[in-house]
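Source file: start24.csv. Holds: CSV, C-alpha atoms.
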```csv
chain,number,residue,atom,x,y,z
N,1,MET,CA,22.4,-11.2,-10.8
N,2,LYS,CA,19.1,-12.6,-12.1
N,3,ARG,CA,17.4,-10.7,-14.9
N,4,ILE,CA,14.0,-12.1,-15.5
N,5,ALA,CA,11.2,-10.2,-17.1
N,6,VAL,CA,7.9,-11.2,-15.3
N,7,SER,CA,4.4,-9.8,-15.5
N,8,PRO,CA,3.2,-7.1,-13.0
N,9,ASN,CA,0.9,-9.7,-11.4
N,10,VAL,CA,3.8,-12.0,-10.6
N,11,ILE,CA,5.8,-9.0,-9.3
N,12,ASN,CA,3.0,-8.1,-7.0
N,13,ARG,CA,3.0,-11.6,-5.6
N,14,LEU,CA,6.8,-11.7,-4.9
N,15,PRO,CA,6.6,-9.6,-1.7
N,16,LYS,CA,3.9,-12.0,-0.4
N,17,TYR,CA,6.2,-15.0,-1.1
N,18,ILE,CA,9.0,-13.3,0.8
N,19,ASN,CA,6.8,-12.6,3.7
N,20,CYS,CA,5.5,-16.1,3.7
N,21,LEU,CA,9.0,-17.7,3.4
N,22,GLU,CA,10.4,-15.5,6.1
N,23,ARG,CA,7.7,-16.7,8.5
N,24,LEU,CA,8.5,-20.3,7.6
N,25,LYS,CA,12.2,-19.7,8.0
N,26,TRP,CA,11.5,-18.1,11.4
N,27,LYS,CA,9.6,-21.2,12.4
N,28,GLU,CA,12.6,-23.2,11.2
N,29,VAL,CA,10.6,-25.0,8.4
N,30,ASP,CA,13.4,-26.1,6.0
N,31,ARG,CA,11.2,-27.3,3.2
N,32,VAL,CA,7.8,-26.3,1.9
N,33,SER,CA,5.5,-27.7,-0.7
N,34,SER,CA,3.6,-25.6,-3.3
N,35,ALA,CA,0.4,-26.8,-1.6
N,36,GLN,CA,1.5,-25.4,1.8
N,37,LEU,CA,2.6,-22.1,0.2
N,38,ALA,CA,-0.7,-21.9,-1.7
N,39,GLU,CA,-2.7,-22.3,1.5
N,40,MET,CA,-0.7,-19.6,3.3
N,41,LEU,CA,-1.1,-17.3,0.3
N,42,GLU,CA,-4.7,-18.1,-0.5
N,43,SER,CA,-3.5,-19.1,-4.0
N,44,THR,CA,-3.3,-22.5,-5.8
N,45,PRO,CA,-0.4,-25.0,-5.9
N,46,SER,CA,-0.3,-24.7,-9.7
N,47,GLN,CA,0.0,-20.9,-9.5
N,48,VAL,CA,2.8,-21.2,-7.0
N,49,ARG,CA,4.7,-23.7,-9.1
N,50,GLN,CA,4.1,-21.7,-12.3
N,51,ASP,CA,5.5,-18.5,-10.6
N,52,PHE,CA,8.6,-20.3,-9.2
N,53,ALA,CA,9.3,-22.0,-12.6
N,54,LEU,CA,9.7,-18.5,-14.0
N,55,PHE,CA,12.8,-18.1,-11.9
N,56,GLY,CA,14.0,-21.5,-12.9
N,57,ASN,CA,13.2,-23.1,-9.6
N,58,TYR,CA,11.0,-26.2,-10.1
N,59,GLY,CA,11.4,-27.7,-6.6
N,60,ALA,CA,11.5,-31.5,-6.5
N,61,GLN,CA,8.5,-33.7,-6.9
N,62,GLY,CA,7.1,-34.8,-3.5
N,63,TYR,CA,10.0,-33.0,-1.9
N,64,GLY,CA,9.1,-29.4,-2.1
N,65,TYR,CA,11.2,-26.2,-2.1
N,66,LYS,CA,14.1,-25.4,0.2
N,67,THR,CA,12.7,-22.5,2.2
N,68,ASP,CA,15.9,-20.4,2.6
N,69,TYR,CA,17.2,-21.0,-0.9
N,70,LEU,CA,13.8,-20.0,-2.5
N,71,LEU,CA,13.7,-16.9,-0.2
N,72,GLN,CA,17.2,-15.8,-1.4
N,73,GLU,CA,16.3,-16.5,-5.0
N,74,ILE,CA,13.1,-14.4,-4.9
N,75,LYS,CA,15.0,-11.6,-3.1
N,76,ALA,CA,17.6,-11.7,-5.9
N,77,VAL,CA,14.9,-11.5,-8.6
N,78,ILE,CA,13.6,-8.3,-7.0
N,79,GLY,CA,17.1,-7.0,-6.6
N,80,LEU,CA,17.3,-7.2,-2.8
N,81,ASN,CA,20.7,-8.8,-2.9
N,82,MET,CA,22.1,-5.4,-3.7
N,83,THR,CA,22.1,-2.3,-1.6
N,84,HIS,CA,19.8,0.5,-2.6
N,85,ASN,CA,20.3,4.0,-1.3
N,86,ILE,CA,17.2,6.0,-0.3
N,87,ALA,CA,16.8,9.7,0.4
N,88,VAL,CA,13.7,10.9,2.2
N,89,ILE,CA,12.3,14.1,0.8
N,90,GLY,CA,10.0,15.7,3.3
N,91,VAL,CA,9.9,14.9,7.0
N,92,GLY,CA,6.3,15.6,8.0
N,93,SER,CA,4.3,13.2,10.0
N,94,ILE,CA,4.2,10.6,7.2
N,95,GLY,CA,7.9,10.8,6.3
N,96,ARG,CA,8.8,10.6,10.0
N,97,ALA,CA,6.4,7.7,10.7
N,98,LEU,CA,7.7,5.7,7.7
N,99,LEU,CA,11.3,6.3,8.7
N,100,GLU,CA,10.6,5.1,12.2
N,101,HIS,CA,8.4,2.2,11.2
N,102,ILE,CA,10.0,0.5,8.2
N,103,ASP,CA,12.8,-2.0,8.7
N,104,PHE,CA,14.8,-0.8,5.7
N,105,ASN,CA,18.1,-2.4,6.6
N,106,ARG,CA,16.6,-5.8,6.7
N,107,TYR,CA,16.2,-5.7,3.0
N,108,ASN,CA,19.5,-4.0,2.1
N,109,TYR,CA,18.0,-0.5,1.8
N,110,ARG,CA,20.1,2.3,3.3
N,111,VAL,CA,18.4,5.5,4.2
N,112,CYS,CA,21.3,7.9,3.6
N,113,ALA,CA,19.7,11.3,4.2
N,114,ALA,CA,16.4,13.2,4.8
N,115,PHE,CA,15.5,16.7,3.6
N,116,ASP,CA,13.1,19.2,4.8
N,117,VAL,CA,12.4,23.0,4.7
N,118,ASP,CA,11.7,23.4,8.4
N,119,SER,CA,14.7,24.9,10.2
N,120,ASP,CA,13.6,23.3,13.5
N,121,LYS,CA,14.1,19.9,11.9
N,122,ILE,CA,17.3,20.5,9.9
N,123,GLY,CA,20.3,19.2,11.7
N,124,SER,CA,18.4,16.7,13.8
N,125,GLU,CA,18.2,13.0,13.3
N,126,ILE,CA,15.5,10.3,13.0
N,127,LYS,CA,16.8,6.8,13.6
N,128,GLY,CA,20.3,7.9,12.8
N,129,VAL,CA,19.3,9.6,9.6
N,130,GLU,CA,20.3,13.2,9.4
N,131,ILE,CA,17.8,15.8,8.2
N,132,TYR,CA,19.4,18.3,5.8
N,133,ASP,CA,18.1,21.6,4.4
N,134,ILE,CA,16.2,20.9,1.2
N,135,ASN,CA,18.2,23.7,-0.5
N,136,ASP,CA,21.2,21.4,-0.2
N,137,LEU,CA,19.4,18.6,-2.1
N,138,LYS,CA,21.0,19.3,-5.5
N,139,SER,CA,24.6,19.4,-4.2
N,140,TYR,CA,23.9,16.3,-2.1
N,141,MET,CA,22.6,14.4,-5.1
N,142,LYS,CA,25.6,15.4,-7.1
N,143,MET,CA,28.0,13.9,-4.6
N,144,ASN,CA,26.0,10.9,-3.5
N,145,LYS,CA,24.5,8.0,-5.3
N,146,ILE,CA,20.8,7.9,-4.4
N,147,ASP,CA,18.7,5.1,-6.1
N,148,ILE,CA,15.3,5.9,-4.7
N,149,ALA,CA,13.7,9.2,-3.5
N,150,MET,CA,10.9,8.6,-1.0
N,151,LEU,CA,8.6,11.5,-1.6
N,152,THR,CA,6.8,12.6,1.5
N,153,VAL,CA,6.4,16.3,1.0
N,154,SER,CA,3.1,18.1,1.1
N,155,PRO,CA,0.8,17.4,-1.9
N,156,THR,CA,0.9,21.1,-2.8
N,157,VAL,CA,4.6,21.0,-3.7
N,158,ALA,CA,4.8,17.3,-4.8
N,159,LYS,CA,4.9,18.0,-8.6
N,160,GLN,CA,7.4,20.7,-8.3
N,161,VAL,CA,9.8,18.7,-6.0
N,162,ALA,CA,9.4,15.6,-8.2
N,163,ALA,CA,10.3,17.6,-11.3
N,164,GLN,CA,13.5,18.8,-9.5
N,165,LEU,CA,14.4,15.3,-8.5
N,166,CYS,CA,13.9,14.2,-12.1
N,167,ASP,CA,16.2,17.0,-13.3
N,168,MET,CA,18.8,15.9,-10.7
N,169,GLY,CA,18.9,12.5,-12.3
N,170,VAL,CA,17.0,10.5,-9.6
N,171,ARG,CA,15.8,7.3,-11.3
N,172,ALA,CA,13.0,6.3,-9.0
N,173,ILE,CA,10.4,8.0,-6.8
N,174,TRP,CA,8.4,6.2,-4.2
N,175,ASN,CA,5.5,8.6,-4.1
N,176,PHE,CA,3.4,9.0,-0.9
N,177,THR,CA,2.0,12.4,-1.7
N,178,GLY,CA,-1.2,11.1,-3.4
N,179,GLU,CA,-0.5,13.5,-6.3
N,180,ALA,CA,0.0,12.3,-9.9
N,181,LEU,CA,3.5,13.6,-10.6
N,182,GLY,CA,3.1,13.8,-14.4
N,183,LEU,CA,6.8,12.9,-15.2
N,184,PRO,CA,7.9,11.2,-18.4
N,185,SER,CA,8.0,7.4,-17.7
N,186,ASP,CA,11.1,7.1,-20.0
N,187,LYS,CA,13.0,9.4,-17.6
N,188,ILE,CA,12.0,8.3,-14.1
N,189,LEU,CA,10.2,5.4,-12.4
N,190,ILE,CA,7.2,6.4,-10.2
N,191,GLN,CA,5.7,4.1,-7.7
N,192,ASN,CA,2.6,5.6,-6.2
N,193,VAL,CA,1.4,4.5,-2.8
N,194,SER,CA,-2.2,5.0,-1.9
N,195,PHE,CA,-3.4,4.1,1.5
N,196,LEU,CA,-6.9,4.4,0.3
N,197,ASP,CA,-6.5,1.5,-2.2
N,198,SER,CA,-6.3,-1.1,0.5
N,199,LEU,CA,-9.1,0.6,2.5
N,200,PHE,CA,-11.4,0.5,-0.6
N,201,THR,CA,-10.6,-3.2,-1.1
N,202,LEU,CA,-11.4,-3.9,2.5
N,203,THR,CA,-14.6,-2.0,2.2
N,204,TYR,CA,-15.6,-3.9,-0.9
N,205,ARG,CA,-15.0,-7.2,0.9
N,206,LEU,CA,-16.9,-6.0,3.9
N,207,GLU,CA,-19.9,-5.3,1.8
N,208,ASN,CA,-19.7,-8.3,-0.4
N,209,GLU,CA,-18.3,-11.3,1.4
O,1,MET,CA,-26.9,-0.8,-3.7
O,2,LYS,CA,-24.9,-2.8,-6.2
O,3,ARG,CA,-23.9,-6.3,-5.3
O,4,ILE,CA,-21.6,-7.6,-7.9
O,5,ALA,CA,-19.0,-10.3,-7.3
O,6,VAL,CA,-15.8,-9.4,-9.2
O,7,SER,CA,-12.3,-10.9,-9.2
O,8,PRO,CA,-9.6,-9.6,-6.9
O,9,ASN,CA,-7.7,-8.2,-9.9
O,10,VAL,CA,-10.7,-6.1,-10.9
O,11,ILE,CA,-11.2,-4.9,-7.3
O,12,ASN,CA,-7.6,-3.8,-7.2
O,13,ARG,CA,-8.1,-1.7,-10.3
O,14,LEU,CA,-11.2,0.1,-8.9
O,15,PRO,CA,-9.3,2.6,-6.8
O,16,LYS,CA,-7.2,3.5,-9.8
O,17,TYR,CA,-10.3,4.1,-11.8
O,18,ILE,CA,-11.7,6.3,-9.1
O,19,ASN,CA,-8.4,8.3,-8.9
O,20,CYS,CA,-8.4,8.7,-12.6
O,21,LEU,CA,-12.0,9.7,-12.9
O,22,GLU,CA,-11.7,12.2,-10.1
O,23,ARG,CA,-8.8,13.8,-11.9
O,24,LEU,CA,-10.9,14.0,-15.0
O,25,LYS,CA,-13.8,15.5,-13.1
O,26,TRP,CA,-11.5,18.0,-11.5
O,27,LYS,CA,-10.4,19.1,-15.0
O,28,GLU,CA,-14.2,19.3,-15.9
O,29,VAL,CA,-13.9,16.5,-18.5
O,30,ASP,CA,-17.5,15.3,-18.8
O,31,ARG,CA,-16.9,12.3,-21.1
O,32,VAL,CA,-14.1,9.9,-21.4
O,33,SER,CA,-13.3,7.1,-23.9
O,34,SER,CA,-12.0,3.7,-22.9
O,35,ALA,CA,-8.9,4.6,-24.9
O,36,GLN,CA,-8.2,7.7,-22.8
O,37,LEU,CA,-8.8,5.8,-19.6
O,38,ALA,CA,-6.5,3.0,-20.8
O,39,GLU,CA,-3.7,5.5,-21.5
O,40,MET,CA,-4.0,7.2,-18.1
O,41,LEU,CA,-4.0,3.8,-16.4
O,42,GLU,CA,-1.4,2.1,-18.5
O,43,SER,CA,-4.0,-0.5,-19.4
O,44,THR,CA,-5.8,-1.4,-22.7
O,45,PRO,CA,-9.1,-0.1,-23.9
O,46,SER,CA,-10.6,-3.6,-24.1
O,47,GLN,CA,-9.5,-4.2,-20.4
O,48,VAL,CA,-11.3,-1.0,-19.4
O,49,ARG,CA,-14.4,-1.8,-21.4
O,50,GLN,CA,-14.5,-5.4,-19.9
O,51,ASP,CA,-14.2,-4.1,-16.4
O,52,PHE,CA,-16.9,-1.5,-16.7
O,53,ALA,CA,-19.2,-4.0,-18.5
O,54,LEU,CA,-19.1,-6.0,-15.2
O,55,PHE,CA,-21.0,-3.2,-13.6
O,56,GLY,CA,-23.4,-3.0,-16.4
O,57,ASN,CA,-22.0,0.2,-17.8
O,58,TYR,CA,-21.1,-0.2,-21.5
O,59,GLY,CA,-20.7,3.4,-22.4
O,60,ALA,CA,-21.9,4.4,-25.9
O,61,GLN,CA,-20.0,3.5,-29.1
O,62,GLY,CA,-17.9,6.5,-30.2
O,63,TYR,CA,-19.3,8.5,-27.4
O,64,GLY,CA,-17.5,7.2,-24.3
O,65,TYR,CA,-18.5,7.2,-20.6
O,66,LYS,CA,-20.0,10.0,-18.6
O,67,THR,CA,-17.2,10.8,-16.1
O,68,ASP,CA,-19.2,11.6,-13.1
O,69,TYR,CA,-21.8,8.9,-13.5
O,70,LEU,CA,-19.1,6.3,-13.9
O,71,LEU,CA,-17.3,7.6,-10.9
O,72,GLN,CA,-20.5,7.3,-8.7
O,73,GLU,CA,-21.1,3.8,-10.1
O,74,ILE,CA,-17.7,2.6,-9.2
O,75,LYS,CA,-17.9,4.2,-5.8
O,76,ALA,CA,-21.2,2.3,-5.3
O,77,VAL,CA,-19.7,-1.0,-6.3
O,78,ILE,CA,-17.0,-0.6,-3.6
O,79,GLY,CA,-19.6,0.6,-1.1
O,80,LEU,CA,-18.5,4.2,-0.8
O,81,ASN,CA,-22.0,5.4,-1.2
O,82,MET,CA,-22.5,4.3,2.5
O,83,THR,CA,-20.9,5.7,5.6
O,84,HIS,CA,-18.3,3.4,7.3
O,85,ASN,CA,-17.2,4.0,10.8
O,86,ILE,CA,-13.6,3.5,11.7
O,87,ALA,CA,-11.8,3.2,15.0
O,88,VAL,CA,-8.1,3.8,15.2
O,89,ILE,CA,-6.4,1.3,17.5
O,90,GLY,CA,-3.0,2.6,18.5
O,91,VAL,CA,-1.9,6.2,18.1
O,92,GLY,CA,1.9,5.8,17.6
O,93,SER,CA,3.7,7.6,14.8
O,94,ILE,CA,2.0,5.6,12.1
O,95,GLY,CA,-1.5,5.9,13.5
O,96,ARG,CA,-1.1,9.6,14.0
O,97,ALA,CA,0.4,10.2,10.6
O,98,LEU,CA,-2.4,8.2,8.8
O,99,LEU,CA,-5.1,10.1,10.8
O,100,GLU,CA,-3.5,13.4,9.8
O,101,HIS,CA,-2.8,12.4,6.2
O,102,ILE,CA,-5.8,10.5,4.8
O,103,ASP,CA,-8.9,12.4,3.7
O,104,PHE,CA,-11.3,9.9,5.2
O,105,ASN,CA,-14.4,12.1,4.9
O,106,ARG,CA,-14.1,12.5,1.2
O,107,TYR,CA,-15.0,8.8,0.8
O,108,ASN,CA,-17.7,8.6,3.4
O,109,TYR,CA,-15.5,7.2,6.1
O,110,ARG,CA,-16.0,8.5,9.6
O,111,VAL,CA,-13.2,8.1,12.1
O,112,CYS,CA,-15.2,7.9,15.3
O,113,ALA,CA,-12.6,7.3,17.9
O,114,ALA,CA,-8.9,6.4,18.6
O,115,PHE,CA,-7.5,4.3,21.4
O,116,ASP,CA,-4.1,4.1,23.1
O,117,VAL,CA,-2.4,3.0,26.3
O,118,ASP,CA,-0.4,6.2,26.8
O,119,SER,CA,-2.0,8.4,29.5
O,120,ASP,CA,-0.3,11.4,27.9
O,121,LYS,CA,-2.3,10.9,24.7
O,122,ILE,CA,-5.6,9.8,26.3
O,123,GLY,CA,-8.1,12.7,26.3
O,124,SER,CA,-6.4,14.6,23.6
O,125,GLU,CA,-7.6,14.9,20.0
O,126,ILE,CA,-6.1,14.5,16.5
O,127,LYS,CA,-8.0,16.2,13.7
O,128,GLY,CA,-11.1,16.2,15.9
O,129,VAL,CA,-10.9,12.5,16.8
O,130,GLU,CA,-10.7,11.9,20.5
O,131,ILE,CA,-8.1,9.5,21.9
O,132,TYR,CA,-9.6,7.1,24.5
O,133,ASP,CA,-8.1,4.7,27.0
O,134,ILE,CA,-7.7,1.3,25.3
O,135,ASN,CA,-9.2,-0.3,28.4
O,136,ASP,CA,-12.5,1.4,27.4
O,137,LEU,CA,-12.4,-0.2,24.0
O,138,LYS,CA,-14.8,-3.1,24.8
O,139,SER,CA,-17.5,-0.9,26.3
O,140,TYR,CA,-17.1,1.6,23.4
O,141,MET,CA,-17.5,-1.2,20.9
O,142,LYS,CA,-20.7,-2.4,22.7
O,143,MET,CA,-22.3,1.1,22.4
O,144,ASN,CA,-21.0,2.1,19.0
O,145,LYS,CA,-21.2,0.6,15.6
O,146,ILE,CA,-17.6,0.3,14.2
O,147,ASP,CA,-17.2,-1.2,10.8
O,148,ILE,CA,-13.4,-1.2,10.5
O,149,ALA,CA,-10.6,-1.2,13.0
O,150,MET,CA,-7.5,0.5,11.8
O,151,LEU,CA,-4.8,-1.5,13.6
O,152,THR,CA,-1.7,0.6,14.2
O,153,VAL,CA,-0.5,-0.8,17.5
O,154,SER,CA,3.1,-2.0,18.0
O,155,PRO,CA,3.8,-5.4,16.3
O,156,THR,CA,4.5,-7.0,19.6
O,157,VAL,CA,0.9,-6.7,20.8
O,158,ALA,CA,-0.8,-6.9,17.3
O,159,LYS,CA,-2.0,-10.5,17.5
O,160,GLN,CA,-3.4,-10.1,21.1
O,161,VAL,CA,-5.2,-6.8,20.3
O,162,ALA,CA,-6.6,-8.3,17.0
O,163,ALA,CA,-7.9,-11.3,18.8
O,164,GLN,CA,-9.7,-9.0,21.3
O,165,LEU,CA,-11.2,-7.0,18.4
O,166,CYS,CA,-12.4,-10.2,16.9
O,167,ASP,CA,-14.0,-11.2,20.2
O,168,MET,CA,-15.7,-7.8,20.3
O,169,GLY,CA,-17.4,-8.6,17.0
O,170,VAL,CA,-15.4,-6.2,14.8
O,171,ARG,CA,-15.9,-7.4,11.2
O,172,ALA,CA,-12.8,-5.9,9.5
O,173,ILE,CA,-9.3,-5.0,10.4
O,174,TRP,CA,-7.1,-2.7,8.3
O,175,ASN,CA,-3.8,-4.0,9.5
O,176,PHE,CA,-0.7,-1.8,9.4
O,177,THR,CA,1.3,-3.8,12.0
O,178,GLY,CA,3.2,-6.0,9.6
O,179,GLU,CA,2.2,-9.0,11.7
O,180,ALA,CA,0.2,-11.9,10.4
O,181,LEU,CA,-2.8,-11.8,12.7
O,182,GLY,CA,-3.8,-15.4,12.4
O,183,LEU,CA,-7.5,-15.0,12.8
O,184,PRO,CA,-10.2,-17.2,11.2
O,185,SER,CA,-11.2,-15.7,7.9
O,186,ASP,CA,-14.8,-16.8,8.4
O,187,LYS,CA,-15.0,-14.5,11.5
O,188,ILE,CA,-13.2,-11.4,10.5
O,189,LEU,CA,-11.8,-9.7,7.4
O,190,ILE,CA,-8.2,-8.8,7.5
O,191,GLN,CA,-6.6,-6.3,5.0
O,192,ASN,CA,-2.8,-6.3,5.4
O,193,VAL,CA,-0.9,-3.2,4.4
O,194,SER,CA,2.7,-3.6,3.7
O,195,PHE,CA,4.8,-0.5,2.7
O,196,LEU,CA,7.5,-2.8,1.6
O,197,ASP,CA,5.4,-4.4,-1.2
O,198,SER,CA,5.5,-1.2,-3.2
O,199,LEU,CA,9.2,-0.6,-2.4
O,200,PHE,CA,10.0,-4.1,-3.7
O,201,THR,CA,8.0,-3.5,-6.9
O,202,LEU,CA,9.8,-0.2,-7.4
O,203,THR,CA,13.2,-1.9,-6.8
O,204,TYR,CA,12.3,-4.7,-9.3
O,205,ARG,CA,11.4,-2.1,-11.9
O,206,LEU,CA,14.5,-0.1,-11.2
O,207,GLU,CA,16.7,-3.1,-11.8
O,208,ASN,CA,14.8,-4.4,-14.8
O,209,GLU,CA,13.3,-1.6,-16.8
```

Mind converting the file's structure to structure tokens?
Amino acid sequence: MKRIAVSPNVINRLPKYINCLERLKWKEVDRVSSAQLAEMLESTPSQVRQDFALFGNYGAQGYGYKTDYLLQEIKAVIGLNMTHNIAVIGVGSIGRALLEHIDFNRYNYRVCAAFDVDSDKIGSEIKGVEIYDINDLKSYMKMNKIDIAMLTVSPTVAKQVAAQLCDMGVRAIWNFTGEALGLPSDKILIQNVSFLDSLFTLTYRLENE
Amino acid sequence: MKRIAVSPNVINRLPKYINCLERLKWKEVDRVSSAQLAEMLESTPSQVRQDFALFGNYGAQGYGYKTDYLLQEIKAVIGLNMTHNIAVIGVGSIGRALLEHIDFNRYNYRVCAAFDVDSDKIGSEIKGVEIYDINDLKSYMKMNKIDIAMLTVSPTVAKQVAAQLCDMGVRAIWNFTGEALGLPSDKILIQNVSFLDSLFTLTYRLENE
């Protein structure tokens, strides 16, 4: 597996490269130049070449990059060549919508289980994922390897549940609660998702472009 | 109103500053230093000072920034001092969850209407927002000023609906469909939201940190 340390800015561009390369692959475009990629991504050819050079892929002068090879390489840099197990903590409207909406399997993620407090939900399934009693979370975590907890509980209990997940040895939380979880970064990775961030960016562009 | 052109990287940091300053305000912290902000944001004091200097706010040496004043300034830079009207196009699980989940009013957004094709949904309300027949979208748009369309229709109809929105004169689409809408950037602003981006970043960190 590739182990390459890259800057946060480069990491942020990797999903966009994947999206772009998948569209090219879907259109059966076998080879692509840095100029074409730059245009699709509103970037510059030199930026694209610089990013790919980080992964040891320089393409060939006047010949471009092999679409599928580059796609697999970038996926491997992220770690998508390995399976990652996800547990969904909280099956309210957001948890349910994300479970229904996101194509996890496509990128080697396996949603193993969901947890909730609501007895009406416990025992039912969403997209083949069983919803368990959150009281059984600890014993489940002991017996199953979960890489990422998708935290979609109500904001009022977010910190408390996150602290429990940390105690249970969960290594990464994908946090949709909007709450700052306040956990030590040497113990657990937190990725905060804010819907407002993109709305603010759009609003800025709307008022300034 | 402020009209300051800043780089995309700075724009991406503005929501994080807002989040951070709101937490400080909530804790009744009146003044904050660039060092404190940098620590909260995993940034550097010089980066923070450089960003704020763009908006003409230099703080005072050894004295820091006034929390609330800086918060209002950054909000004004984004345009949050003005009301923006949103229409929700598509009330499936994602549209509904976002409507329920996001605190739009807090940032001066007004969700004016939602639209769907499902006759069971049409005429009902979510959080006080009425769901209209999508066939009435055109006439609604003629009679009402909508700044941003939140596009939460199924991916299969995303492009078609987006093209219609563009024809109706909508200026900005907040796109949750995962589809590339392929509209001319001189006619309409598109902000794509991908849930996978943050999951990929988390996965990279999980495998590399």

Using all atoms listed in the file, find the residues of chain N whose closest atom to chain O is at most 6 Å away, then write them as a PyMOL selection string.
chain N and resi 15+78-79+93-94+97+191+197+202+204

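Take atom CA of N:Leu21 and atom CA of N:Gly128: the distance between them is 29.5 Å.
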
Contacts of N:Arg31 at 7 Å (only C-alpha atoms; same-chain gap of 4+ positions) as a PyMOL selection string
chain N and resi 64-67

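The shortest atom-to-atom distance to N:Met168, with all atoms listed in the file taken into account, belongs to N:Leu137 out of N:Leu137, N:Val111, N:Val91, N:Val29.
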
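Atom to atom, atom CA of N:Pro45 and atom CA of N:Tyr17 stand 12.9 Å apart.
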
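The smallest atom-to-atom distance between O:Gly62 and any of O:Leu37, O:Val48, O:Ile89, O:Val32, using all atoms listed in the file, is found for O:Val32.
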
Calculate how many Å separate atom CA of O:Trp26 from atom CA of O:Leu70, rounding to one decimal.
14.2 Å

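Candidate residues O:Asp30, O:Asp116, O:Lys25, O:Gly56 were compared for distance to O:Val153, and the nearest is O:Asp116, using all atoms listed in the file.
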
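Selecting by distance to (-11.1, 2.9, 30.8) with a limit of 12 Å and using all atoms listed in the file, one obtains O:Phe115, O:Asp116, O:Val117, O:Asp118, O:Ser119, O:Ile122, O:Gly123, O:Ile131, O:Tyr132, O:Asp133, O:Ile134, O:Asn135, O:Asp136, O:Leu137, O:Lys138, O:Ser139, O:Tyr140.
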